[in-house]
file start.pdb (PDB, C-alpha atoms)
MODEL        1
ATOM      1  CA  MET T   1     166.791  77.683  96.797
ATOM      2  CA  ALA T   2     165.820  81.183  97.930
ATOM      3  CA  ARG T   3     166.456  82.550  94.437
ATOM      4  CA  ARG T   4     164.283  79.898  92.790
ATOM      5  CA  ASN T   5     161.458  80.386  95.280
ATOM      6  CA  ALA T   6     161.644  84.147  94.826
ATOM      7  CA  LEU T   7     161.483  83.783  91.044
ATOM      8  CA  LEU T   8     158.456  81.505  91.368
ATOM      9  CA  ALA T   9     156.791  84.000  93.730
ATOM     10  CA  LEU T  10     157.558  86.820  91.297
ATOM     11  CA  LEU T  11     155.991  84.828  88.472
ATOM     12  CA  ALA T  12     152.898  84.023  90.554
ATOM     13  CA  GLY T  13     152.509  87.634  91.671
ATOM     14  CA  THR T  14     152.951  88.941  88.138
ATOM     15  CA  LEU T  15     150.354  86.496  86.814
ATOM     16  CA  ALA T  16     147.923  87.557  89.558
ATOM     17  CA  ILE T  17     148.429  91.228  88.700
ATOM     18  CA  ALA T  18     148.056  90.492  84.976
ATOM     19  CA  ALA T  19     144.812  88.596  85.635
ATOM     20  CA  ALA T  20     143.483  91.529  87.651
ATOM     21  CA  TYR T  21     144.292  93.941  84.832
ATOM     22  CA  ALA T  22     142.867  91.547  82.224
ATOM     23  CA  SER T  23     139.589  91.387  84.159
ATOM     24  CA  ALA T  24     138.972  95.011  83.171
ATOM     25  CA  PHE T  25     138.224  93.750  79.678
ATOM     26  CA  LEU T  26     135.429  91.465  80.896
ATOM     27  CA  PRO T  27     131.908  92.724  80.270
ATOM     28  CA  GLY T  28     130.072  94.322  83.184
ATOM     29  CA  ASP T  29     131.420  95.320  86.568
ATOM     30  CA  PRO T  30     134.875  94.150  87.566
ATOM     31  CA  PRO T  31     134.810  90.819  89.369
ATOM     32  CA  VAL T  32     135.456  90.728  93.116
ATOM     33  CA  TRP T  33     138.419  88.410  92.639
ATOM     34  CA  ALA T  34     140.276  91.043  90.600
ATOM     35  CA  GLY T  35     140.851  93.282  93.624
ATOM     36  CA  TRP T  36     142.041  90.346  95.674
ATOM     37  CA  ALA T  37     144.330  89.151  92.877
ATOM     38  CA  MET T  38     145.892  92.613  92.736
ATOM     39  CA  GLY T  39     146.002  92.891  96.541
ATOM     40  CA  LEU T  40     147.886  89.597  96.845
ATOM     41  CA  GLY T  41     149.955  89.885  93.667
ATOM     42  CA  ILE T  42     151.551  93.205  94.615
ATOM     43  CA  PRO T  43     152.919  92.075  98.014
ATOM     44  CA  CYS T  44     154.032  88.801  96.464
ATOM     45  CA  CYS T  45     156.041  90.655  93.797
ATOM     46  CA  LEU T  46     157.458  93.151  96.286
ATOM     47  CA  LEU T  47     158.606  90.417  98.648
ATOM     48  CA  ALA T  48     160.102  88.387  95.792
ATOM     49  CA  ILE T  49     162.030  91.411  94.525
ATOM     50  CA  MET T  50     163.356  92.118  98.028
ATOM     51  CA  VAL T  51     164.578  88.527  98.335
ATOM     52  CA  LEU T  52     166.163  88.596  94.867
ATOM     53  CA  GLY T  53     167.977  91.786  95.804
ATOM     54  CA  ALA T  54     169.306  90.329  99.043
ATOM     55  CA  VAL T  55     170.142  86.755  98.054
ATOM     56  CA  ARG T  56     173.834  85.980  97.857
ATOM     57  CA  GLY T  57     175.751  83.292  96.038
ATOM     58  CA  ASN T  58     175.137  80.828  98.856
ATOM     59  CA  GLU T  59     171.383  81.196  98.236
ATOM     60  CA  SER T  60     170.681  82.661 101.665
ATOM     61  CA  ILE T  61     169.256  85.977 102.778
ATOM     62  CA  GLY T  62     170.425  85.406 106.341
ATOM     63  CA  LYS T  63     168.782  87.404 109.094
ATOM     64  CA  LEU T  64     166.846  89.477 106.580
ATOM     65  CA  LYS T  65     164.261  86.699 106.398
ATOM     66  CA  TYR T  66     162.617  88.040 109.560
ATOM     67  CA  PRO T  67     162.079  91.647 108.453
ATOM     68  CA  PHE T  68     161.104  90.414 104.980
ATOM     69  CA  ALA T  69     158.520  88.066 106.485
ATOM     70  CA  PHE T  70     157.234  90.874 108.705
ATOM     71  CA  SER T  71     156.980  93.253 105.757
ATOM     72  CA  GLY T  72     155.258  90.620 103.624
ATOM     73  CA  LEU T  73     152.710  89.901 106.354
ATOM     74  CA  VAL T  74     152.083  93.622 106.893
ATOM     75  CA  LEU T  75     151.544  94.160 103.177
ATOM     76  CA  ILE T  76     149.225  91.185 102.773
ATOM     77  CA  ALA T  77     147.256  92.037 105.926
ATOM     78  CA  GLY T  78     147.048  95.701 104.911
ATOM     79  CA  PHE T  79     145.720  94.933 101.450
ATOM     80  CA  ALA T  80     143.314  92.334 102.859
ATOM     81  CA  LEU T  81     142.013  94.828 105.420
ATOM     82  CA  ALA T  82     141.649  97.562 102.829
ATOM     83  CA  LEU T  83     139.708  95.228 100.543
ATOM     84  CA  GLY T  84     137.680  93.573 103.292
ATOM     85  CA  LEU T  85     136.584  96.568 105.365
ATOM     86  CA  PRO T  86     133.294  98.206 104.446
ATOM     87  CA  ALA T  87     133.401 101.464 102.519
ATOM     88  CA  ASP T  88     132.455 104.038 105.163
ATOM     89  CA  GLU T  89     134.123 107.210 103.979
ATOM     90  CA  ALA T  90     131.012 109.292 104.664
ATOM     91  CA  ALA T  91     130.959 112.403 106.820
ATOM     92  CA  GLY T  92     130.944 111.752 110.546
ATOM     93  CA  VAL T  93     132.883 108.470 110.540
ATOM     94  CA  PRO T  94     135.723 108.195 113.043
ATOM     95  CA  LEU T  95     139.136 109.182 111.759
ATOM     96  CA  TYR T  96     142.402 107.422 112.545
ATOM     97  CA  LEU T  97     145.320 109.846 112.529
ATOM     98  CA  GLY T  98     143.201 112.085 110.330
ATOM     99  CA  LEU T  99     142.085 109.433 107.836
ATOM    100  CA  PRO T 100     139.163 107.025 107.435
ATOM    101  CA  LEU T 101     140.061 103.504 108.528
ATOM    102  CA  ARG T 102     140.717 102.007 105.075
ATOM    103  CA  ALA T 103     142.855 104.948 103.991
ATOM    104  CA  ALA T 104     144.768 104.826 107.286
ATOM    105  CA  VAL T 105     145.477 101.109 106.798
ATOM    106  CA  VAL T 106     146.813 101.728 103.299
ATOM    107  CA  LEU T 107     148.862 104.801 104.109
ATOM    108  CA  TYR T 108     150.236 103.903 107.528
ATOM    109  CA  GLY T 109     150.267 100.111 107.317
ATOM    110  CA  ILE T 110     151.169  99.387 103.704
ATOM    111  CA  GLY T 111     153.053 102.587 102.993
ATOM    112  CA  LEU T 112     154.796 103.616 106.182
ATOM    113  CA  LEU T 113     155.486 100.530 108.294
ATOM    114  CA  PRO T 114     157.726  98.682 105.787
ATOM    115  CA  ILE T 115     159.553 101.948 105.053
ATOM    116  CA  VAL T 116     160.472 102.165 108.740
ATOM    117  CA  VAL T 117     161.386  98.498 109.252
ATOM    118  CA  LEU T 118     163.358  97.612 106.109
ATOM    119  CA  PRO T 119     166.050 100.328 106.218
ATOM    120  CA  ILE T 120     166.751  99.480 109.856
ATOM    121  CA  ALA T 121     167.015  95.788 108.965
ATOM    122  CA  TYR T 122     169.380  96.520 106.087
ATOM    123  CA  ALA T 123     171.505  98.768 108.305
ATOM    124  CA  LEU T 124     171.774  96.089 110.990
ATOM    125  CA  THR T 125     172.764  93.390 108.480
ATOM    126  CA  PHE T 126     174.905  95.581 106.214
ATOM    127  CA  ASP T 127     178.248  93.996 107.118
ATOM    128  CA  ALA T 128     176.973  90.466 106.566
ATOM    129  CA  GLN T 129     175.093  91.246 103.336
ATOM    130  CA  THR T 130     177.550  93.452 101.441
ATOM    131  CA  LEU T 131     180.336  92.296  99.178
ATOM    132  CA  ASP T 132     183.467  91.068 100.870
ATOM    133  CA  PRO T 133     186.949  91.869  99.473
ATOM    134  CA  GLU T 134     187.073  88.630  97.439
ATOM    135  CA  ASP T 135     183.730  89.465  95.789
ATOM    136  CA  LEU T 136     184.924  92.991  94.978
ATOM    137  CA  GLU T 137     188.087  91.645  93.389
ATOM    138  CA  ARG T 138     186.063  89.166  91.331
ATOM    139  CA  VAL T 139     183.808  92.010  90.090
ATOM    140  CA  ARG T 140     186.857  94.153  89.234
ATOM    141  CA  ARG T 141     188.442  91.295  87.251
ATOM    142  CA  ALA T 142     185.218  90.650  85.374
ATOM    143  CA  GLY T 143     184.951  94.342  84.506
ATOM    144  CA  GLU T 144     188.530  94.479  83.284
ATOM    145  CA  GLU T 145     188.039  91.356  81.163
ATOM    146  CA  TRP T 146     184.889  92.800  79.682
ATOM    147  CA  ALA T 147     186.618  96.103  78.883
ATOM    148  CA  ARG T 148     189.437  94.243  77.076
ATOM    149  CA  ARG T 149     187.030  92.545  74.667
ATOM    150  CA  PRO T 150     187.357  93.565  71.037
ATOM    151  CA  ALA T 151     185.555  96.823  70.284
ATOM    152  CA  GLY T 152     183.366  95.173  67.659
ATOM    153  CA  THR T 153     181.491  92.872  70.030
ATOM    154  CA  ALA T 154     177.770  93.453  70.377
ATOM    155  CA  ASP T 155     177.977  94.018  74.142
ATOM    156  CA  GLN T 156     180.478  96.836  73.829
ATOM    157  CA  ALA T 157     178.747  98.397  70.827
ATOM    158  CA  SER T 158     175.431  98.596  72.667
ATOM    159  CA  ALA T 159     177.125  99.869  75.846
ATOM    160  CA  THR T 160     178.928 102.557  73.840
ATOM    161  CA  GLU T 161     175.664 103.617  72.172
ATOM    162  CA  ALA T 162     173.983 103.820  75.568
ATOM    163  CA  GLY T 163     176.773 106.118  76.794
ATOM    164  CA  LEU T 164     178.144 103.594  79.283
ATOM    165  CA  LEU T 165     181.492 103.288  77.517
ATOM    166  CA  GLN T 166     183.573 105.682  75.524
ATOM    167  CA  PRO T 167     184.472 104.689  71.990
ATOM    168  CA  THR T 168     188.058 103.531  71.609
ATOM    169  CA  GLY T 169     190.399 106.498  71.430
ATOM    170  CA  ALA T 170     187.826 109.015  72.716
ATOM    171  CA  SER T 171     188.554 111.199  75.683
ATOM    172  CA  ARG T 172     186.179 112.535  78.283
TER     173      ARG T 172
ENDMDL
END
call {"tool": "encode", "arguments": {"input": "start.pdb", "output": "structure tokens"}}
result
Amino acid sequence: MARRNALLALLAGTLAIAAAYASAFLPGDPPVWAGWAMGLGIPCCLLAIMVLGAVRGNESIGKLKYPFAFSGLVLIAGFALALGLPADEAAGVPLYLGLPLRAAVVLYGIGLLPIVVLPIAYALTFDAQTLDPEDLERVRRAGEEWARRPAGTADQASATEAGLLQPTGASR
């Protein structure tokens, strides 16, 4: 369920971003909705990609749902604030940690806060989210089966061309 919802969110976010980019081809000034479509599409895609990266076979992201939700809310609120606040980057405006308010929201809120929270969340849930010995064995078996396939198969030919496999009989 989490995988399907994440894929739907990724599709919705991508369509929102595409619509924002497509609005550049409209005559006249860019529409107001284009900035909001981009500002909501980007966090939607980022959150969906995080969930897709963390989802396991049992379709659960476990305790990571809390830091992901926090990061998603921070991103959405940060983009909404940056788009909604008035442009007051003139001389003499108050600075927040050396930046005008909108720039501070983008840099510290959107850029820095998730970078602090997510690695800590991954570190705390590492044991529960990483592959267990049975999963590692399954991956090893699949790799061995794939390597034993006849050399003429399309998968191996393209992997050899990409430098991922050595041609049969070649040495490193």
call {"tool": "residues_around", "arguments": {"input": "start.pdb", "residues": "Ser23 (chain T)", "least_positions_apart": "2", "cutoff": "12 Å", "atoms": "only C-alpha atoms", "output": "PDB file with C-alpha atoms, keeping the file's coordinate frame"}}
result
ATOM      1  CA  ALA T  16     147.923  87.557  89.558  1.00  0.00           C
ATOM      2  CA  ILE T  17     148.429  91.228  88.700  1.00  0.00           C
ATOM      3  CA  ALA T  18     148.056  90.492  84.976  1.00  0.00           C
ATOM      4  CA  ALA T  19     144.812  88.596  85.635  1.00  0.00           C
ATOM      5  CA  ALA T  20     143.483  91.529  87.651  1.00  0.00           C
ATOM      6  CA  TYR T  21     144.292  93.941  84.832  1.00  0.00           C
ATOM      7  CA  PHE T  25     138.224  93.750  79.678  1.00  0.00           C
ATOM      8  CA  LEU T  26     135.429  91.465  80.896  1.00  0.00           C
ATOM      9  CA  PRO T  27     131.908  92.724  80.270  1.00  0.00           C
ATOM     10  CA  GLY T  28     130.072  94.322  83.184  1.00  0.00           C
ATOM     11  CA  ASP T  29     131.420  95.320  86.568  1.00  0.00           C
ATOM     12  CA  PRO T  30     134.875  94.150  87.566  1.00  0.00           C
ATOM     13  CA  PRO T  31     134.810  90.819  89.369  1.00  0.00           C
ATOM     14  CA  VAL T  32     135.456  90.728  93.116  1.00  0.00           C
ATOM     15  CA  TRP T  33     138.419  88.410  92.639  1.00  0.00           C
ATOM     16  CA  ALA T  34     140.276  91.043  90.600  1.00  0.00           C
ATOM     17  CA  GLY T  35     140.851  93.282  93.624  1.00  0.00           C
ATOM     18  CA  TRP T  36     142.041  90.346  95.674  1.00  0.00           C
ATOM     19  CA  ALA T  37     144.330  89.151  92.877  1.00  0.00           C
ATOM     20  CA  MET T  38     145.892  92.613  92.736  1.00  0.00           C
TER      21      MET T  38
END
call {"tool": "resolve_selection", "arguments": {"input": "start.pdb", "expression": "the PyMOL selection byres ((chain T and resi 70) around 12)", "output": "list in words"}}
result
Pro43, Leu47, Leu64, Lys65, Tyr66, Pro67, Phe68, Ala69, Ser71, Gly72, Leu73, Val74, Leu75, Ile76, Ala77, Gly78, Gly109, Ile110, Leu113, Pro114, Ile115, Val116, Val117, Leu118 and Ala121 of chain T
call {"tool": "closest_residue", "arguments": {"input": "start.pdb", "among": "T:Cys44, T:Leu124, T:Gly111, T:Arg141", "to": "Leu7 (chain T)", "atoms": "all atoms listed in the file"}}
result
T:Cys44
call {"tool": "closest_residue", "arguments": {"input": "start.pdb", "among": "T:Ala9, T:Ala82, T:Ala87, T:Val51", "to": "Ala104 (chain T)", "atoms": "only C-alpha atoms"}}
result
T:Ala82
call {"tool": "atom_distance", "arguments": {"input": "start.pdb", "atom1": "CA of Leu85 (chain T)", "atom2": "CA of Arg102 (chain T)"}}
result
6.8 Å
call {"tool": "residues_around", "arguments": {"input": "start.pdb", "residues": "Leu101 (chain T)", "least_positions_apart": "6", "cutoff": "9 Å", "atoms": "all atoms listed in the file", "output": "PyMOL selection string"}}
result
chain T and resi 82+85+88-89+93-95
call {"tool": "atom_distance", "arguments": {"input": "start.pdb", "atom1": "CA of Leu8 (chain T)", "atom2": "CA of Val106 (chain T)"}}
result
26.2 Å
call {"tool": "residues_around", "arguments": {"input": "start.pdb", "residues": "Arg3 (chain T)", "least_positions_apart": "3", "cutoff": "9 Å", "atoms": "all atoms listed in the file", "output": "ChimeraX atom specification"}}
result
/T:6-8,48,51-52,55-56,59-60
call {"tool": "atom_distance", "arguments": {"input": "start.pdb", "atom1": "CA of Ile42 (chain T)", "atom2": "CA of Leu81 (chain T)"}}
result
14.5 Å
call {"tool": "axis_aligned_box", "arguments": {"input": "start.pdb", "around": "region 68-86 of chain T", "padding_each_side": "3 Å", "output": "JSON"}}
result
{"center_x": 147.2, "center_y": 93.1, "center_z": 104.6, "size_x": 33.8, "size_y": 16.1, "size_z": 14.2}
call {"tool": "closest_residue", "arguments": {"input": "start.pdb", "among": "T:Met50, T:Ala12, T:Gly84, T:Gly143", "to": "Pro119 (chain T)", "atoms": "only C-alpha atoms"}}
result
T:Met50
